[in-house]
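Student: Data file query.cif (mmCIF, C-alpha atoms and all ligand atoms) is appended below.
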```cif
data_coords
loop_
_atom_site.label_atom_id
_atom_site.label_comp_id
_atom_site.auth_asym_id
_atom_site.auth_seq_id
_atom_site.Cartn_x
_atom_site.Cartn_y
_atom_site.Cartn_z
CA MET R 570 -11.01 -17.68 -46.23
CA ILE R 571 -11.78 -17.31 -42.56
CA ASP R 572 -15.01 -15.51 -41.67
CA LYS R 573 -14.17 -11.92 -40.72
CA ILE R 574 -16.49 -12.20 -37.72
CA ASP R 575 -14.39 -15.09 -36.45
CA VAL R 576 -11.26 -13.01 -36.98
CA LEU R 577 -12.77 -10.06 -35.11
CA LYS R 578 -13.80 -12.34 -32.27
CA ARG R 579 -10.22 -13.61 -32.05
CA VAL R 580 -8.81 -10.08 -32.10
CA GLN R 581 -11.23 -9.07 -29.37
CA SER R 582 -10.56 -12.13 -27.23
CA LEU R 583 -6.80 -11.52 -27.51
CA LYS R 584 -7.31 -7.84 -26.66
CA ASN R 585 -9.25 -8.89 -23.56
CA LYS R 586 -6.49 -11.28 -22.59
CA ILE R 587 -4.00 -8.42 -22.83
CA SER R 588 -6.26 -6.16 -20.76
CA GLY R 589 -6.60 -8.87 -18.13
CA LEU R 590 -2.83 -9.27 -17.92
CA GLU R 591 -2.29 -5.50 -17.75
CA THR R 592 -4.90 -5.21 -15.01
CA SER R 593 -3.25 -7.86 -12.88
CA GLN R 594 0.11 -6.20 -13.46
CA GLU R 595 -1.37 -2.94 -12.15
CA LEU R 596 -2.92 -4.70 -9.16
CA ARG R 597 0.38 -6.33 -8.25
CA LYS R 598 2.18 -3.00 -8.55
CA ARG R 599 -0.47 -1.53 -6.28
CA ASP R 600 0.23 -4.32 -3.75
CA VAL R 601 3.81 -3.07 -3.62
CA GLN R 602 2.64 0.53 -3.12
CA LYS R 603 0.30 -0.56 -0.32
CA LYS R 604 3.08 -2.47 1.38
CA LYS R 605 5.39 0.54 1.09
CA ALA R 606 2.76 2.77 2.70
CA GLN R 607 2.29 0.26 5.50
CA ILE R 608 6.04 0.10 6.11
CA GLU R 609 6.21 3.89 6.22
CA LYS R 610 3.72 3.77 9.09
CA GLU R 611 5.79 1.12 10.87
CA ARG R 612 8.90 3.24 10.38
CA VAL R 613 7.21 6.27 11.95
CA LEU R 614 6.09 4.09 14.86
CA ALA R 615 9.59 2.67 15.39
CA GLU R 616 11.06 6.18 15.32
CA LYS R 617 8.46 7.35 17.83
CA LYS R 618 9.31 4.48 20.15
CA GLN R 619 12.99 5.33 19.84
CA GLU R 620 12.29 8.97 20.74
CA GLU R 621 10.12 7.91 23.68
CA LYS R 622 12.98 5.77 24.98
CA ILE R 623 15.42 8.69 24.71
CA GLU R 624 12.95 11.00 26.50
CA VAL R 625 12.52 8.56 29.41
CA GLN R 626 16.30 8.19 29.68
CA LYS R 627 16.68 11.99 29.74
CA ASP R 628 14.05 12.15 32.48
CA ILE R 629 16.08 9.67 34.57
CA ASP R 630 19.29 11.65 33.94
CA ARG R 631 17.59 14.86 35.06
CA LYS R 632 16.26 13.25 38.23
CA GLU R 633 19.63 11.72 39.05
CA LEU R 634 21.25 15.11 38.62
CA ASP R 635 18.66 16.63 41.00
CA LEU R 636 19.44 13.87 43.45
CA LYS R 637 23.17 14.67 43.30
CA THR R 638 22.47 18.40 43.75
CA ASN R 639 20.37 17.66 46.82
CA GLU R 640 23.07 15.37 48.16
CA GLY R 641 25.67 18.10 47.69
CA GLU R 642 23.49 20.62 49.47
CA ILE R 643 22.88 18.30 52.39
CA THR R 644 26.65 17.77 52.72
CA LYS R 645 27.13 21.55 52.59
CA TYR R 646 24.44 22.10 55.25
CA ASN R 647 26.00 19.45 57.48
CA VAL R 648 29.30 21.33 57.32
CA GLN R 649 27.50 24.60 58.13
CA LEU R 650 25.88 22.92 61.15
CA ASN R 651 29.34 22.76 62.80
CA SER R 652 29.81 26.50 62.72
CA ILE R 653 26.31 27.52 63.80
CA LYS R 654 25.96 29.71 66.87
CA THR R 655 22.27 30.05 67.73
CA ASN R 656 19.58 27.44 68.30
CA LYS R 657 17.31 29.24 65.89
CA GLU R 658 19.83 28.94 63.05
CA TYR R 659 20.47 25.33 63.97
CA SER R 660 16.79 24.50 63.91
CA ALA R 661 16.29 26.30 60.58
CA LEU R 662 19.16 24.40 59.01
CA THR R 663 18.08 20.98 60.30
CA THR R 664 14.56 21.67 58.96
CA GLU R 665 16.13 22.51 55.61
CA ILE R 666 18.17 19.29 55.67
CA GLY R 667 15.05 17.31 56.57
CA SER R 668 13.17 18.83 53.67
CA LYS R 669 16.04 18.07 51.25
CA LYS R 670 16.09 14.48 52.47
CA ALA R 671 12.35 14.21 51.88
CA ASP R 672 12.86 15.60 48.35
CA MET R 673 15.55 12.99 47.77
CA SER R 674 13.31 10.19 48.92
CA ILE R 675 10.60 11.35 46.45
CA LEU R 676 13.20 11.60 43.70
CA GLU R 677 14.47 8.11 44.42
CA ASP R 678 10.94 6.72 44.12
CA GLU R 679 10.42 8.63 40.91
CA ILE R 680 13.69 7.31 39.50
CA LEU R 681 12.63 3.74 40.25
CA ASN R 682 9.28 4.30 38.52
CA THR R 683 10.93 5.95 35.56
CA MET R 684 13.38 3.06 35.27
CA SER R 685 10.53 0.62 34.94
CA ARG R 686 9.04 2.95 32.30
CA LEU R 687 12.41 2.85 30.55
CA GLU R 688 12.34 -0.91 30.52
CA THR R 689 8.88 -0.91 28.93
CA ALA R 690 9.95 1.74 26.42
CA ASN R 691 13.03 -0.36 25.59
CA GLN R 692 10.95 -3.46 24.97
CA GLU R 693 8.48 -1.56 22.80
CA CYS R 694 11.33 -0.01 20.84
CA VAL R 695 12.94 -3.41 20.18
CA LYS R 696 9.56 -4.85 19.15
CA ALA R 697 8.77 -1.98 16.75
CA THR R 698 12.27 -2.09 15.23
CA GLU R 699 12.04 -5.84 14.71
CA ALA R 700 8.59 -5.57 13.16
CA LEU R 701 9.91 -2.91 10.80
CA LYS R 702 12.87 -5.09 9.83
CA ASN R 703 10.57 -8.03 9.09
CA GLU R 704 8.26 -5.86 7.01
CA GLU R 705 11.20 -4.49 5.04
CA GLU R 706 12.38 -8.03 4.37
CA SER R 707 8.94 -9.08 3.18
CA LEU R 708 8.70 -5.95 0.99
CA LYS R 709 11.97 -6.95 -0.67
CA ASN R 710 10.53 -10.40 -1.40
CA LEU R 711 7.28 -8.91 -2.66
CA ILE R 712 9.10 -6.53 -5.00
CA ASN R 713 11.19 -9.40 -6.37
CA SER R 714 8.20 -11.61 -7.07
CA VAL R 715 6.10 -8.75 -8.49
CA ASP R 716 9.00 -7.74 -10.77
CA ALA R 717 9.25 -11.32 -11.99
CA GLU R 718 5.49 -11.58 -12.52
CA VAL R 719 5.35 -8.26 -14.37
CA LYS R 720 8.24 -9.29 -16.62
CA GLU R 721 6.60 -12.64 -17.35
CA ALA R 722 3.31 -10.91 -18.16
CA ASP R 723 5.16 -8.45 -20.43
CA ILE R 724 6.51 -11.37 -22.45
CA GLU R 725 3.07 -12.97 -22.59
CA ILE R 726 1.52 -9.67 -23.71
CA GLU R 727 4.16 -9.34 -26.41
CA ASN R 728 3.37 -12.86 -27.66
CA ILE R 729 -0.36 -12.18 -27.65
CA LYS R 730 0.18 -8.92 -29.55
CA ASN R 731 2.15 -10.81 -32.19
CA GLU R 732 -0.62 -13.36 -32.50
CA GLN R 733 -3.21 -10.57 -32.59
CA LYS R 734 -1.29 -8.90 -35.40
CA LYS R 735 -1.59 -12.03 -37.54
CA TYR R 736 -5.38 -11.83 -37.24
CA ILE R 737 -5.47 -8.07 -37.72
CA ASP R 738 -3.54 -8.54 -40.97
CA LEU R 739 -6.37 -10.75 -42.24
CA LEU R 740 -8.94 -7.96 -41.83
CA ASP R 741 -10.01 -5.45 -44.46
CA GLU R 742 -9.64 -1.73 -43.74
CA HIS R 743 -13.38 -1.21 -43.16
CA SER R 744 -13.79 -4.02 -40.61
CA LEU R 745 -10.63 -3.07 -38.78
CA SER R 746 -11.41 0.64 -38.49
CA ASN R 747 -14.94 -0.12 -37.27
CA TYR R 748 -13.63 -2.59 -34.77
CA ASN R 749 -10.95 -0.20 -33.50
CA ARG R 750 -13.42 2.66 -33.21
CA LEU R 751 -15.84 0.53 -31.19
CA ALA R 752 -13.11 -1.08 -29.11
CA ASN R 753 -12.02 2.41 -28.06
CA ILE R 754 -15.52 3.31 -26.92
CA LYS R 755 -16.86 -0.02 -25.71
CA GLY R 756 -13.70 -1.54 -24.29
CA GLY R 757 -13.68 -5.32 -24.42
CA LYS R 758 -17.12 -5.60 -25.99
CA ALA R 759 -16.93 -4.18 -29.50
CA ILE R 760 -18.25 -7.30 -31.12
CA VAL R 761 -21.09 -9.09 -29.33
CA PRO R 762 -23.33 -12.11 -29.94
CA VAL R 763 -27.05 -11.93 -30.55
CA VAL R 764 -28.69 -14.36 -28.17
CA GLY R 765 -32.45 -14.89 -28.35
CA ASN R 766 -32.87 -11.81 -30.58
CA VAL R 767 -31.19 -9.66 -27.95
CA CYS R 768 -27.95 -7.71 -28.39
CA GLY R 769 -25.26 -9.13 -26.11
CA GLY R 770 -23.89 -5.64 -25.61
CA CYS R 771 -26.88 -3.48 -24.70
CA SER R 772 -29.55 -6.16 -24.13
CA MET R 773 -31.97 -4.44 -26.51
CA ASN R 774 -34.08 -6.50 -28.90
CA ILE R 775 -32.78 -6.48 -32.43
CA THR R 776 -35.10 -5.79 -35.34
CA THR R 777 -36.17 -8.42 -37.82
CA GLN R 778 -34.32 -6.45 -40.46
CA THR R 779 -31.10 -6.64 -38.45
CA LEU R 780 -31.67 -10.36 -37.96
CA ASN R 781 -32.16 -10.82 -41.72
CA GLU R 782 -28.97 -8.88 -42.38
CA LEU R 783 -27.13 -11.08 -39.90
CA MET R 784 -28.35 -14.26 -41.58
CA GLY R 785 -27.86 -13.19 -45.16
CA ASN R 786 -25.23 -10.55 -45.32
CA LYS R 787 -21.50 -11.05 -45.41
CA GLU R 788 -20.94 -7.41 -44.42
CA LEU R 789 -20.65 -6.24 -40.81
CA VAL R 790 -23.98 -5.70 -39.06
CA PHE R 791 -24.27 -3.15 -36.26
CA CYS R 792 -26.71 -2.98 -33.35
CA ARG R 793 -29.20 -0.16 -33.97
CA SER R 794 -29.14 0.72 -30.27
CA CYS R 795 -25.52 0.58 -29.22
CA SER R 796 -23.73 0.36 -32.62
CA ARG R 797 -21.70 -2.67 -31.63
CA ILE R 798 -20.77 -5.25 -34.26
CA LEU R 799 -23.20 -8.17 -34.00
CA TYR R 800 -22.91 -11.86 -34.79
CA LEU R 801 -25.28 -14.76 -34.37
CA GLU R 802 -24.35 -17.03 -31.51
CA GLU R 803 -24.95 -20.20 -33.58
CA ASN R 804 -22.25 -19.06 -35.98
CA SER R 805 -19.71 -19.10 -33.21
CA ASP R 806 -17.36 -21.96 -32.65
ZN ZN B 1 -26.62 -3.32 -28.76
#
```
Show the structure stored in the file as structure tokens.

Tutor:
Amino acid sequence: MIDKIDVLKRVQSLKNKISGLETSQELRKRDVQKKKAQIEKERVLAEKKQEEKIEVQKDIDRKELDLKTNEGEITKYNVQLNSIKTNKEYSALTTEIGSKKADMSILEDEILNTMSRLETANQECVKATEALKNEEESLKNLINSVDAEVKEADIEIENIKNEQKKYIDLLDEHSLSNYNRLANIKGGKAIVPVVGNVCGGCSMNITTQTLNELMGNKELVFCRSCSRILYLEENSD
């Protein structure tokens, strides 16, 4: 008959293995979430760059339209010049034409500047779109490998649970219910070693009486401070 302390230690160690696997599954799933959040930011950036590009293009279109309007007006004024009768009217009209030409020259400069802005906006847009595409590709790969890892861990957890069940079946009702109760409260440390007269769970000194119980008794012995199940380290394998 296997010592029930040894069985409990096995059950606990298997439980901790399961917890470890579940934790790394969660962490890997969180990696995917983090990556998704990062990609969302990249998507917003790429969309912003696309909108910027469109805005700059619209600005150029507007300026080119203004240029055409000015051109049309100058043509119209030039026609009017032919039918003008007084010097005063002539002078007013030529001043107007001069001012339109000056406006056009400013517009032409502005269009050139805006075109170079468009080029920059284009480049930035291409860069952001490419970065997004790469990130989406790497997310796909990440999801695939995390899915595979999670599935593999699920199988391993299932195997460990089956093994754990074999040990649990060896335990009496009393030991099992005490272990389960403590495992719920204390997590992975329901059963702890006594090392140098100190409880491995709460680090409090154990009483001589508890020590005597540990050495003599075949029943479970509990820490008086933290209620964990105790065992003597030298009994361990
Ligand atoms: Zn304790």

Student: Neighbours of ligand ZN 1 (chain B) within 12 Å, counting all atoms listed in the file, as an MDAnalysis selection string?

Tutor: chainID R and resid 751 755 758:764 766:776 779 790:800

Student: To one decimal place in Å, what is the distance between CA of Ala752 (chain R) and CA of Gln778 (chain R)?

Tutor: 24.6 Å

Student: Of the candidates R:Lys586, R:Lys730, R:Lys645, R:Arg612, which one gets nearest to Ala700 (chain R) if we count only C-alpha atoms?

Tutor: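 Of R:Lys586, R:Lys730, R:Lys645, R:Arg612, the one nearest Ala700 (chain R) is R:Arg612, counting only C-alpha atoms.
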
Student: Closest to Leu708 (chain R) among R:Lys669, R:Lys637, R:Arg599, R:Lys604, using only C-alpha atoms?

Tutor: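 Looking only at the distances to Leu708 (chain R), the closest residue turns out to be R:Lys604.
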
Student: Near region 733-737 of chain R, within 7 Å and counting all atoms listed in the file, which residues show up once chain neighbours fewer than 2 positions away are dropped, as a PyMOL selection string?

Tutor: chain R and resi 576+580+583+729-731+739-740

Student: With distances taken over all atoms listed in the file, which residue among R:Ser668, R:Ser660, R:Ser652, R:Asn781 lies nearest Glu640 (chain R)?

Tutor: R:Ser668

Student: Might you pull out every residue within 12 Å of Leu636 (chain R), with all atoms listed in the file counted and same-chain residues fewer than 5 positions away left off, and present them as a VMD selection string?

Tutor: chain R and resid 629 to 631 641 to 643 669 to 680

Student: Considering all atoms listed in the file, return as a count of residues only whatever protein or nucleic-acid residues lie within 12 Å of Leu614 (chain R), sequence-local ones (same chain, fewer than 4 positions apart) excluded.

Tutor: 17

Student: Between CA of Tyr748 (chain R) and CA of Asn728 (chain R), what is the spacing in Å?

Tutor: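 Between CA of Asn728 (chain R) and CA of Tyr748 (chain R) the gap works out to 21.1 Å.
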
Student: Do you have the CA of Glu742 (chain R)-CA of Gly589 (chain R) distance handy?

Tutor: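 Pair CA of Glu742 (chain R) / CA of Gly589 (chain R) returns 26.8 Å.
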
Student: With all atoms listed in the file as the counted atoms, please give the residues lying no more than 10 Å from Gln649 (chain R), apart from itself and same-chain residues fewer than 5 positions off, as a VMD selection string.

Tutor: chain R and resid 643 to 644 659 662

Student: Smallest atom-to-atom distance to Val715 (chain R): which of R:Lys578, R:Lys584, R:Arg597, R:Lys622, using all atoms listed in the file?

Tutor: R:Arg597

Student: Using only C-alpha atoms, which of the listed residues (R:Asn753, R:Lys702, R:Gln626, R:Leu745) sits closest to Ser685 (chain R)?

Tutor: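 The closest residue to Ser685 (chain R) is R:Gln626.
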
Student: Using only C-alpha atoms, which of the listed residues (R:Ile587, R:Lys787, R:Lys709, R:Gln692) sits closest to Ala615 (chain R)?

Tutor: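 Smallest distance to Ala615 (chain R) is found for R:Gln692.
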